[in-house]
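Raw contents of input_32.txt, compact mmCIF, C-alpha atoms:
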# COMPACT_ATOMS: atom_id res chain seq x y z
CA MET M 1 38.75 53.32 -38.11
CA ASN M 2 35.44 51.93 -37.05
CA SER M 3 35.99 49.12 -34.59
CA PHE M 4 32.31 48.04 -34.90
CA LYS M 5 32.40 47.71 -38.68
CA ASP M 6 32.23 43.87 -38.52
CA ALA M 7 29.78 43.79 -35.62
CA GLU M 8 26.68 43.14 -37.71
CA HIS M 9 26.81 39.32 -37.28
CA LEU M 10 27.10 39.75 -33.51
CA LEU M 11 24.05 41.98 -33.55
CA ARG M 12 22.09 39.33 -35.45
CA VAL M 13 22.99 36.63 -32.91
CA ALA M 14 22.01 38.98 -30.12
CA LEU M 15 18.66 39.66 -31.80
CA VAL M 16 17.96 35.95 -32.23
CA PHE M 17 18.84 35.42 -28.57
CA VAL M 18 16.52 38.22 -27.45
CA ALA M 19 13.71 36.92 -29.68
CA ALA M 20 14.11 33.40 -28.27
CA THR M 21 14.06 34.70 -24.69
CA VAL M 22 10.93 36.73 -25.35
CA ALA M 23 9.27 33.72 -27.00
CA PHE M 24 10.21 31.52 -24.03
CA VAL M 25 8.81 33.98 -21.50
CA LEU M 26 5.59 34.39 -23.50
CA VAL M 27 5.03 30.65 -24.03
CA ARG M 28 5.80 29.98 -20.37
CA ALA M 29 3.30 32.64 -19.26
CA VAL M 30 0.61 30.98 -21.36
CA LEU M 31 1.38 27.36 -20.45
CA VAL M 32 2.02 27.64 -16.71
CA PRO M 33 -1.30 28.10 -14.88
CA ARG M 34 -1.66 31.29 -12.90
CA SER M 35 -2.03 29.43 -9.59
CA PHE M 36 1.12 27.32 -10.02
CA GLY M 37 3.47 28.17 -7.17
CA GLU M 38 0.75 29.86 -5.10
CA TYR M 39 1.49 27.53 -2.15
CA GLY M 40 4.38 25.45 -3.48
CA HIS M 41 5.58 23.58 -6.54
CA TYR M 42 2.07 22.67 -7.65
CA ARG M 43 -1.14 24.15 -9.04
CA GLY M 44 -2.93 26.00 -6.25
CA ASN M 45 -6.27 25.62 -8.01
CA ALA M 46 -5.99 21.85 -7.72
CA ILE M 47 -6.86 22.24 -4.02
CA THR M 48 -10.16 23.98 -4.75
CA GLU M 49 -10.92 21.53 -7.55
CA ILE M 50 -10.48 18.55 -5.22
CA ALA M 51 -12.48 20.31 -2.49
CA ALA M 52 -15.35 20.73 -4.97
CA GLN M 53 -15.98 16.97 -5.16
CA ARG M 54 -19.57 15.90 -4.44
CA VAL M 55 -20.37 14.78 -0.89
CA VAL M 56 -22.05 11.34 -0.77
CA PHE M 57 -22.33 10.67 2.98
CA ALA M 58 -24.51 13.44 4.43
CA GLY M 59 -23.06 13.18 7.95
CA HIS M 60 -25.03 12.41 11.13
CA GLN M 61 -25.60 16.13 11.83
CA ALA M 62 -27.82 16.30 8.73
CA CYS M 63 -29.84 13.23 9.80
CA GLU M 64 -30.32 14.48 13.35
CA THR M 65 -31.99 17.75 12.31
CA CYS M 66 -35.02 15.87 10.94
CA HIS M 67 -34.97 12.65 13.01
CA PRO M 68 -34.60 13.74 16.65
CA ASP M 69 -36.93 10.90 17.76
CA VAL M 70 -34.47 8.28 16.53
CA VAL M 71 -31.59 10.13 18.19
CA THR M 72 -33.41 9.91 21.54
CA VAL M 73 -33.94 6.15 21.17
CA LYS M 74 -30.37 5.64 20.01
CA ASN M 75 -28.84 7.67 22.83
CA ALA M 76 -30.62 5.47 25.38
CA GLY M 77 -28.91 2.33 24.08
CA LYS M 78 -25.62 0.75 23.15
CA HIS M 79 -25.69 2.04 19.57
CA THR M 80 -25.43 5.67 20.65
CA GLY M 81 -21.98 6.04 19.12
CA VAL M 82 -22.94 4.47 15.80
CA ASN M 83 -23.61 7.07 13.14
CA CYS M 84 -26.80 6.72 11.05
CA GLU M 85 -25.03 6.11 7.76
CA ALA M 86 -22.90 3.31 9.24
CA CYS M 87 -25.97 1.08 8.77
CA HIS M 88 -28.29 3.08 6.51
CA GLY M 89 -25.61 3.79 3.91
CA ALA M 90 -24.69 7.00 2.11
CA LEU M 91 -27.72 9.30 2.04
CA ALA M 92 -26.65 12.79 0.97
CA THR M 93 -29.19 12.55 -1.86
CA HIS M 94 -31.94 11.86 0.69
CA ALA M 95 -30.76 14.72 2.93
CA ALA M 96 -30.82 17.10 -0.03
CA ASP M 97 -34.28 15.98 -1.18
CA PRO M 98 -36.10 14.07 1.59
CA VAL M 99 -39.44 14.09 -0.24
CA THR M 100 -38.61 12.22 -3.41
CA VAL M 101 -35.47 10.28 -2.45
CA HIS M 102 -36.20 7.51 0.06
CA PRO M 103 -33.53 5.46 1.83
CA PRO M 104 -33.52 1.79 0.84
CA LYS M 105 -35.07 -0.74 3.26
CA LEU M 106 -32.42 -2.55 5.26
CA ASP M 107 -31.94 -6.25 5.92
CA THR M 108 -30.87 -6.97 9.50
CA ALA M 109 -29.79 -10.48 8.47
CA ILE M 110 -26.94 -8.89 6.52
CA LEU M 111 -26.34 -5.75 8.56
CA CYS M 112 -26.06 -7.08 12.12
CA VAL M 113 -23.60 -9.88 11.35
CA ARG M 114 -21.24 -7.45 9.61
CA CYS M 115 -20.25 -6.21 13.02
CA HIS M 116 -21.46 -8.88 15.44
CA GLU M 117 -20.44 -12.17 13.78
CA ALA M 118 -17.84 -13.74 16.07
CA ASN M 119 -14.22 -13.47 15.00
CA ASP M 120 -11.11 -14.09 17.11
CA ALA M 121 -9.50 -10.89 15.83
CA LYS M 122 -12.27 -8.70 17.24
CA PRO M 123 -11.66 -6.95 20.58
CA LYS M 124 -12.69 -9.32 23.39
CA GLY M 125 -15.16 -6.89 24.96
CA PHE M 126 -17.11 -6.43 21.75
CA PRO M 127 -20.47 -8.30 21.74
CA GLN M 128 -20.24 -11.06 19.14
CA VAL M 129 -22.24 -14.17 18.35
CA VAL M 130 -22.09 -17.06 15.90
CA ALA M 131 -25.23 -16.06 14.04
CA LYS M 132 -26.39 -19.53 12.99
CA ASP M 133 -26.19 -20.86 16.55
CA HIS M 134 -27.50 -17.69 18.19
CA SER M 135 -30.95 -17.09 16.72
CA SER M 136 -31.90 -20.47 15.20
CA GLY M 137 -32.89 -18.73 11.97
CA LEU M 138 -35.01 -15.98 13.50
CA SER M 139 -34.28 -12.49 12.22
CA CYS M 140 -32.36 -10.23 14.59
CA GLU M 141 -35.12 -7.68 15.11
CA THR M 142 -37.40 -10.34 16.58
CA CYS M 143 -35.60 -9.66 19.87
CA HIS M 144 -33.34 -6.62 19.23
CA GLN M 145 -34.38 -3.19 18.02
CA PRO M 146 -31.44 -1.99 15.92
CA HIS M 147 -31.54 1.58 17.26
CA SER M 148 -31.34 0.39 20.87
CA PRO M 149 -30.37 -3.26 20.72
CA LEU M 150 -30.44 -4.56 24.32
CA VAL M 151 -33.22 -7.17 24.57
CA GLY M 152 -36.33 -5.67 26.15
CA LEU M 153 -35.07 -2.13 25.61
CA GLY M 154 -35.90 0.30 22.87
CA ALA M 155 -39.29 0.57 21.28
CA LYS M 156 -39.78 1.02 17.56
CA PRO M 157 -38.25 2.56 15.59
CA MET X 1 -14.30 37.15 -42.95
CA LYS X 2 -12.03 40.18 -43.09
CA PHE X 3 -10.83 42.32 -40.22
CA THR X 4 -9.83 45.93 -40.61
CA ARG X 5 -6.84 47.08 -38.63
CA ARG X 6 -9.19 48.96 -36.29
CA GLN X 7 -11.30 45.85 -35.60
CA MET X 8 -8.16 43.80 -35.00
CA LEU X 9 -6.91 46.33 -32.45
CA ILE X 10 -10.21 46.13 -30.59
CA LEU X 11 -10.40 42.33 -30.78
CA LEU X 12 -6.91 41.63 -29.44
CA PRO X 13 -7.39 43.12 -25.98
CA ALA X 14 -10.85 41.52 -25.79
CA ALA X 15 -9.31 38.12 -26.51
CA ALA X 16 -6.66 38.79 -23.86
CA VAL X 17 -9.35 39.56 -21.28
CA ALA X 18 -11.23 36.38 -22.21
CA TRP X 19 -8.06 34.29 -21.90
CA GLU X 20 -7.36 35.87 -18.52
CA ALA X 21 -10.81 34.75 -17.38
CA VAL X 22 -10.07 31.18 -18.55
CA LEU X 23 -6.82 31.13 -16.58
CA ALA X 24 -8.38 32.54 -13.45
CA ARG X 25 -11.33 30.11 -13.45
CA THR X 26 -11.65 28.45 -10.07
CA PRO X 27 -14.39 26.07 -8.93
CA GLU X 28 -16.55 26.93 -5.98
CA ALA X 29 -14.60 26.72 -2.75
CA SER X 30 -15.76 26.62 0.84
CA PRO X 31 -16.05 30.25 1.89
CA ASN X 32 -15.35 29.93 5.60
CA TYR X 33 -12.50 27.46 5.41
CA LYS X 34 -8.97 28.75 5.93
CA VAL X 35 -6.13 26.41 4.96
CA THR X 36 -3.72 28.02 7.39
CA GLU X 37 -5.87 27.23 10.44
CA HIS X 38 -5.76 23.43 10.20
CA TRP X 39 -3.24 20.60 10.26
CA TRP X 40 -5.02 17.34 9.60
CA GLY X 41 -4.21 13.83 10.74
CA MET X 42 -6.07 10.76 11.87
CA LEU X 43 -6.19 8.56 14.92
CA VAL X 44 -6.77 4.82 14.61
CA ASP X 45 -7.58 2.91 17.77
CA ILE X 46 -6.63 -0.72 17.12
CA SER X 47 -8.36 -1.81 20.33
CA LYS X 48 -11.69 -0.65 18.89
CA CYS X 49 -11.47 -1.99 15.32
CA ILE X 50 -13.83 -4.90 14.66
CA GLY X 51 -12.88 -5.40 11.01
CA CYS X 52 -16.42 -4.87 9.73
CA GLY X 53 -15.21 -3.23 6.52
CA ASN X 54 -17.57 -0.25 6.83
CA CYS X 55 -14.70 2.20 6.25
CA VAL X 56 -13.55 0.42 3.10
CA ARG X 57 -17.05 0.39 1.64
CA ALA X 58 -17.76 3.97 2.67
CA CYS X 59 -14.52 5.18 1.09
CA ALA X 60 -15.32 3.37 -2.16
CA THR X 61 -18.81 4.89 -2.22
CA GLU X 62 -17.76 8.41 -1.33
CA ASN X 63 -14.80 8.57 -3.69
CA ASN X 64 -15.86 6.23 -6.47
CA VAL X 65 -12.82 4.00 -5.95
CA PRO X 66 -12.56 1.37 -8.73
CA ASP X 67 -13.20 -2.28 -7.79
CA GLY X 68 -10.11 -4.11 -6.60
CA TYR X 69 -8.30 -0.88 -5.61
CA PHE X 70 -8.29 0.68 -2.17
CA ARG X 71 -7.69 4.10 -0.68
CA THR X 72 -8.18 2.49 2.71
CA TRP X 73 -8.18 -1.17 3.63
CA ILE X 74 -8.10 -3.43 6.69
CA GLU X 75 -5.42 -6.01 7.42
CA ARG X 76 -5.88 -8.88 9.85
CA TYR X 77 -2.77 -9.93 11.74
CA HIS X 78 -2.23 -13.37 13.21
CA VAL X 79 0.83 -13.44 15.45
CA SER X 80 1.75 -16.93 16.67
CA ASP X 81 3.29 -17.39 20.09
CA ASP X 82 6.60 -18.77 18.84
CA ASP X 83 7.24 -16.42 15.91
CA LEU X 84 6.47 -12.85 16.93
CA ALA X 85 8.49 -11.32 14.11
CA ASN X 86 6.64 -13.02 11.28
CA PRO X 87 2.92 -12.42 11.53
CA VAL X 88 0.48 -13.89 9.03
CA VAL X 89 -1.45 -11.07 7.40
CA ASP X 90 -4.58 -11.40 5.32
CA SER X 91 -6.89 -8.83 3.77
CA PRO X 92 -9.50 -10.51 1.56
CA ASP X 93 -10.74 -7.85 -0.88
CA GLY X 94 -9.29 -5.19 1.41
CA GLY X 95 -11.60 -6.33 4.19
CA LYS X 96 -14.49 -4.85 2.21
CA ASN X 97 -16.79 -7.77 3.06
CA GLY X 98 -15.46 -8.58 6.51
CA PHE X 99 -13.19 -11.47 7.41
CA PRO X 100 -13.74 -15.23 7.52
CA PRO X 101 -13.24 -16.95 10.91
CA ILE X 102 -9.65 -17.67 11.95
CA LEU X 103 -8.80 -21.36 11.65
CA GLU X 104 -5.35 -21.31 13.26
CA PRO X 105 -5.64 -21.65 17.04
CA GLY X 106 -3.45 -19.83 19.54
CA GLY X 107 -1.48 -16.64 19.17
CA LYS X 108 -3.10 -13.25 18.96
CA ASP X 109 -5.23 -11.69 16.26
CA PHE X 110 -6.20 -8.12 15.56
CA PHE X 111 -7.23 -5.77 12.78
CA VAL X 112 -5.16 -2.89 11.44
CA PRO X 113 -6.96 -0.36 9.23
CA LYS X 114 -4.56 1.30 6.81
CA MET X 115 -4.61 4.32 4.54
CA CYS X 116 -2.46 7.25 3.49
CA ASN X 117 -0.44 8.57 6.45
CA HIS X 118 -0.56 12.14 5.10
CA CYS X 119 3.12 12.49 5.92
CA ALA X 120 4.45 15.96 6.68
CA ASP X 121 7.68 15.04 4.81
CA SER X 122 6.17 12.65 2.37
CA PRO X 123 8.39 10.66 0.01
CA CYS X 124 5.67 10.55 -2.66
CA THR X 125 5.55 14.31 -3.13
CA GLN X 126 9.34 14.53 -3.21
CA VAL X 127 9.67 12.20 -6.20
CA CYS X 128 6.88 13.65 -8.37
CA PRO X 129 8.61 15.09 -11.45
CA VAL X 130 5.75 17.38 -12.52
CA GLY X 131 4.37 18.87 -9.32
CA ALA X 132 1.19 16.79 -9.56
CA THR X 133 1.29 15.58 -5.97
CA PHE X 134 1.75 17.90 -3.06
CA ILE X 135 0.97 18.56 0.57
CA THR X 136 -1.59 21.30 1.12
CA PRO X 137 -0.97 24.06 3.69
CA ASP X 138 -3.37 22.18 5.99
CA GLY X 139 -1.38 18.96 5.83
CA VAL X 140 -3.22 16.76 3.34
CA VAL X 141 -1.33 14.98 0.56
CA LEU X 142 -3.28 15.29 -2.69
CA VAL X 143 -2.91 14.42 -6.38
CA ASP X 144 -3.63 16.92 -9.15
CA LYS X 145 -5.31 14.68 -11.73
CA LYS X 146 -4.78 17.20 -14.52
CA TYR X 147 -1.03 17.34 -13.93
CA CYS X 148 -0.34 13.67 -13.19
CA ILE X 149 1.39 11.94 -16.11
CA GLY X 150 0.98 8.46 -14.63
CA CYS X 151 4.71 7.74 -14.26
CA ARG X 152 4.13 5.74 -11.03
CA TYR X 153 7.19 7.15 -9.19
CA CYS X 154 5.01 8.12 -6.25
CA ILE X 155 3.44 4.66 -6.09
CA GLN X 156 6.90 3.12 -5.67
CA ALA X 157 8.03 5.83 -3.26
CA CYS X 158 5.19 5.43 -0.75
CA PRO X 159 6.54 3.30 2.12
CA TYR X 160 3.00 2.40 3.16
CA GLY X 161 1.69 1.18 -0.21
CA CYS X 162 -1.15 3.66 -0.17
CA ARG X 163 -1.18 4.68 -3.83
CA PHE X 164 -2.38 3.04 -7.02
CA LEU X 165 -2.79 3.91 -10.67
CA ASN X 166 -6.43 4.40 -11.55
CA PRO X 167 -6.98 2.00 -14.48
CA LYS X 168 -9.42 4.37 -16.16
CA THR X 169 -7.76 7.76 -15.82
CA GLN X 170 -4.20 6.34 -15.74
CA THR X 171 -3.33 8.83 -13.02
CA ALA X 172 -2.07 8.17 -9.50
CA GLU X 173 -4.80 8.03 -6.89
CA LYS X 174 -4.88 7.94 -3.11
CA CYS X 175 -6.77 8.90 0.01
CA THR X 176 -7.61 12.61 -0.01
CA LEU X 177 -8.61 12.51 3.67
CA CYS X 178 -12.00 13.37 2.14
CA TYR X 179 -10.71 16.87 1.48
CA HIS X 180 -14.08 17.81 -0.02
CA ARG X 181 -15.72 16.89 3.30
CA ILE X 182 -13.29 18.17 5.92
CA THR X 183 -13.22 21.60 4.25
CA LYS X 184 -17.00 21.74 4.73
CA GLY X 185 -16.89 20.88 8.42
CA LEU X 186 -17.78 17.21 7.96
CA THR X 187 -15.63 14.27 9.02
CA THR X 188 -14.22 11.78 6.50
CA ALA X 189 -16.48 9.09 5.02
CA CYS X 190 -14.54 6.31 6.81
CA CYS X 191 -14.87 8.05 10.18
CA GLU X 192 -18.55 8.74 9.53
CA ALA X 193 -19.19 5.07 8.77
CA CYS X 194 -17.00 3.55 11.51
CA PRO X 195 -19.45 2.07 14.04
CA THR X 196 -17.02 1.83 16.97
CA GLY X 197 -15.14 5.12 16.69
CA ALA X 198 -11.92 3.28 15.88
CA ARG X 199 -11.11 6.06 13.42
CA GLN X 200 -11.08 9.71 14.43
CA LEU X 201 -10.25 12.63 12.20
CA ALA X 202 -7.85 14.91 14.05
CA ASP X 203 -7.05 18.58 13.58
CA LEU X 204 -3.67 19.05 15.22
CA LYS X 205 -3.86 22.85 14.97
CA ASN X 206 -7.18 23.01 16.81
CA PRO X 207 -6.39 23.30 20.54
CA ASN X 208 -9.88 21.98 21.41
CA ASP X 209 -9.50 18.78 19.40
CA PRO X 210 -9.61 15.71 21.71
CA ILE X 211 -6.57 14.34 19.85
CA HIS X 212 -4.22 16.36 22.09
CA ALA X 213 -5.50 14.81 25.33
CA PHE X 214 -5.46 11.39 23.67
CA LEU X 215 -1.84 11.72 22.49
CA ARG X 216 -0.79 12.78 25.99
CA THR X 217 -2.48 9.92 27.79
CA HIS X 218 -2.01 6.97 25.43
CA ASP X 219 0.84 4.99 23.90
CA VAL X 220 0.44 6.20 20.34
CA GLN X 221 2.72 5.22 17.48
CA VAL X 222 3.05 5.79 13.76
CA LEU X 223 3.98 3.17 11.16
CA LYS X 224 7.67 2.94 10.10
CA PRO X 225 8.88 5.84 12.26
CA TYR X 226 12.46 5.11 11.14
CA MET X 227 11.55 6.36 7.65
CA ALA X 228 11.14 9.86 9.13
CA THR X 229 8.14 10.60 6.95
CA GLY X 230 6.36 12.68 9.58
CA ALA X 231 3.35 10.35 9.35
CA LYS X 232 0.14 11.77 10.80
CA LEU X 233 -1.83 8.51 10.97
CA PHE X 234 -1.57 7.77 14.67
CA TYR X 235 -2.16 4.25 15.98
CA ASN X 236 -3.20 3.51 19.51
CA ASP X 237 -2.48 0.03 20.88
CA LEU X 238 -0.32 -0.91 17.91
CA ASP X 239 1.41 -4.27 18.13
CA GLY X 240 5.15 -4.37 17.45
CA SER X 241 4.69 -6.92 14.68
CA VAL X 242 2.74 -4.52 12.46
CA ARG X 243 4.68 -3.38 9.42
Take the structure in this file and express it as structure tokens.
Amino acid sequence: MNSFKDAEHLLRVALVFVAATVAFVLVRAVLVPRSFGEYGHYRGNAITEIAAQRVVFAGHQACETCHPDVVTVKNAGKHTGVNCEACHGALATHAADPVTVHPPKLDTAILCVRCHEANDAKPKGFPQVVAKDHSSGLSCETCHQPHSPLVGLGAKP
Amino acid sequence: MKFTRRQMLILLPAAAVAWEAVLARTPEASPNYKVTEHWWGMLVDISKCIGCGNCVRACATENNVPDGYFRTWIERYHVSDDDLANPVVDSPDGGKNGFPPILEPGGKDFFVPKMCNHCADSPCTQVCPVGATFITPDGVVLVDKKYCIGCRYCIQACPYGCRFLNPKTQTAEKCTLCYHRITKGLTTACCEACPTGARQLADLKNPNDPIHAFLRTHDVQVLKPYMATGAKLFYNDLDGSVR
């Protein structure tokens, strides 16, 4: 007596099960990116993709390689800790191509008051003025050179 | 077009090789940067912040942040003498264009720059259902735009309100600690633009980083320490009323 004579339906179920498992493993291998799980439960390549974003602020190190004269003036004055792009704006395009890309001209009437307009919330030791009472309409650089702002100090630029 | 069996047998492995190349494609990375050698955080010195908004503008420029949304912003606190627990906080346009003069006399006023705390045990990464947000081996919390399904769980989970849904891409967005800059040896855009040095990028794994001496010698706090998020945005001179 063959005890497996009615086993054919079981075999079919087993085959379907095996086929489904194989299909699942194959589909999963295709859909899950190779780098998923490289560092944790996320796509490892996402890190390099985010790190590949374009840099817009060149960084003061880039400015200082070509403009050592300004660095000297700046280091002699109160603005020594202020990075170039804090006032001049993002200039990675200029750093990459200094010949054709020129930084925009700046307006001290807007720039200086951003930091130095008086406000009670500012630290007490920080130099601040009420602009309209301070200069009677004269532009800031009449008396202050932005790179070394103490009056009487700092020649151009 | 008809394939013979022979051509098909040649084509199949070729297609497999091509597909392999598609899967393995990685954008250019920084060659000298090793993720295991850094552990990033930031130091914010409240006593130096003048609320000029340079950081907010620089962040928007560097990262193309949509108008009306902020990866970093500045809050101005007004704490009156008789109600220390309930400060009045304002942040007009995230402090992007500075702050108007204070009209209420008395009390104390100060600025608090805010951004992602890059928590070591961050609630936002724990709730993400698809593995789109994560903390990198060097301690920066990032969002994988391609994986984010825009479900907003992370935005609700962040105790510091540092995330938003980008209206264009419909994916969660946040401060990346300028990951594309710090991996190239630059500082973040906000630190680069800060005129007073109120913000300092800190590498906690670098023994020569001045952050270690600073943490030893100053009264430094993090926001909402009771949430046990392992926040790495350190505040010096932080008032008790700041939430």
Checklist entry - Nearest to chain M: which of X:Tyr33, X:Tyr179, X:Trp19, X:Phe3 is it, counting all atoms listed in the file? => result X:Tyr179
Counting only C-alpha atoms, chain X residues within 6 Å of chain M, as a short mmCIF file (atom, residue, chain, number, x, y, z; two decimals) with C-alpha atoms, in the coordinates of the input:
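Output file part_21.cif follows:
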data_model
loop_
_atom_site.label_atom_id
_atom_site.label_comp_id
_atom_site.auth_asym_id
_atom_site.auth_seq_id
_atom_site.Cartn_x
_atom_site.Cartn_y
_atom_site.Cartn_z
CA PRO X 27 -14.39 26.07 -8.93
CA ALA X 29 -14.60 26.72 -2.75
CA ILE X 50 -13.83 -4.90 14.66
CA CYS X 52 -16.42 -4.87 9.73
CA GLU X 62 -17.76 8.41 -1.33
CA PRO X 101 -13.24 -16.95 10.91
CA ASP X 109 -5.23 -11.69 16.26
CA PHE X 110 -6.20 -8.12 15.56
CA GLY X 131 4.37 18.87 -9.32
CA ASP X 144 -3.63 16.92 -9.15
CA TYR X 179 -10.71 16.87 1.48
CA HIS X 180 -14.08 17.81 -0.02
CA ALA X 193 -19.19 5.07 8.77
CA PRO X 195 -19.45 2.07 14.04
#
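Among M:Val101, M:Ala96, M:Ala76, M:Ala62, the residue with the shortest atom-to-atom distance to Leu150 (chain M), counting only C-alpha atoms, is M:Ala76.
The coordinates place CA of Pro159 (chain X) at 12.1 Å from CA of Asp121 (chain X).
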Checklist entry - Which neighbours of Ser135 (chain M) fall inside 12 Å, counting only C-alpha atoms, when residues of the same chain fewer than 5 positions from it are skipped, and could you give them as JSON, numbers by chain? => result {"M": [109, 113, 117, 129, 130, 140, 141, 142, 143, 144]}
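For the atom pair formed by CA of Asn86 (chain X) and CA of Phe164 (chain X), the distance is 26.0 Å, given to one decimal.
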Step by step, gather every atom of region 76-95 of chain X that the file lists, find the box along x, y and z that holds them, add 5 Å on each side, and finally give centre and edge lengths in Å to one decimal, as JSON.
{"center_x": -1.6, "center_y": -12.0, "center_z": 9.6, "size_x": 30.1, "size_y": 23.6, "size_z": 31.0}
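Of the listed residues X:Pro31, X:Pro167, X:Gly94, X:Gly161, the one whose atoms come nearest to Ala60 (chain X) is X:Gly94, with distances taken using all atoms listed in the file.
Remark: for Glu20 (chain X), the closest of the candidate residues M:Phe17, M:Ala29, M:Thr72, M:Leu11 is M:Ala29 (distances computed over all atoms listed in the file).
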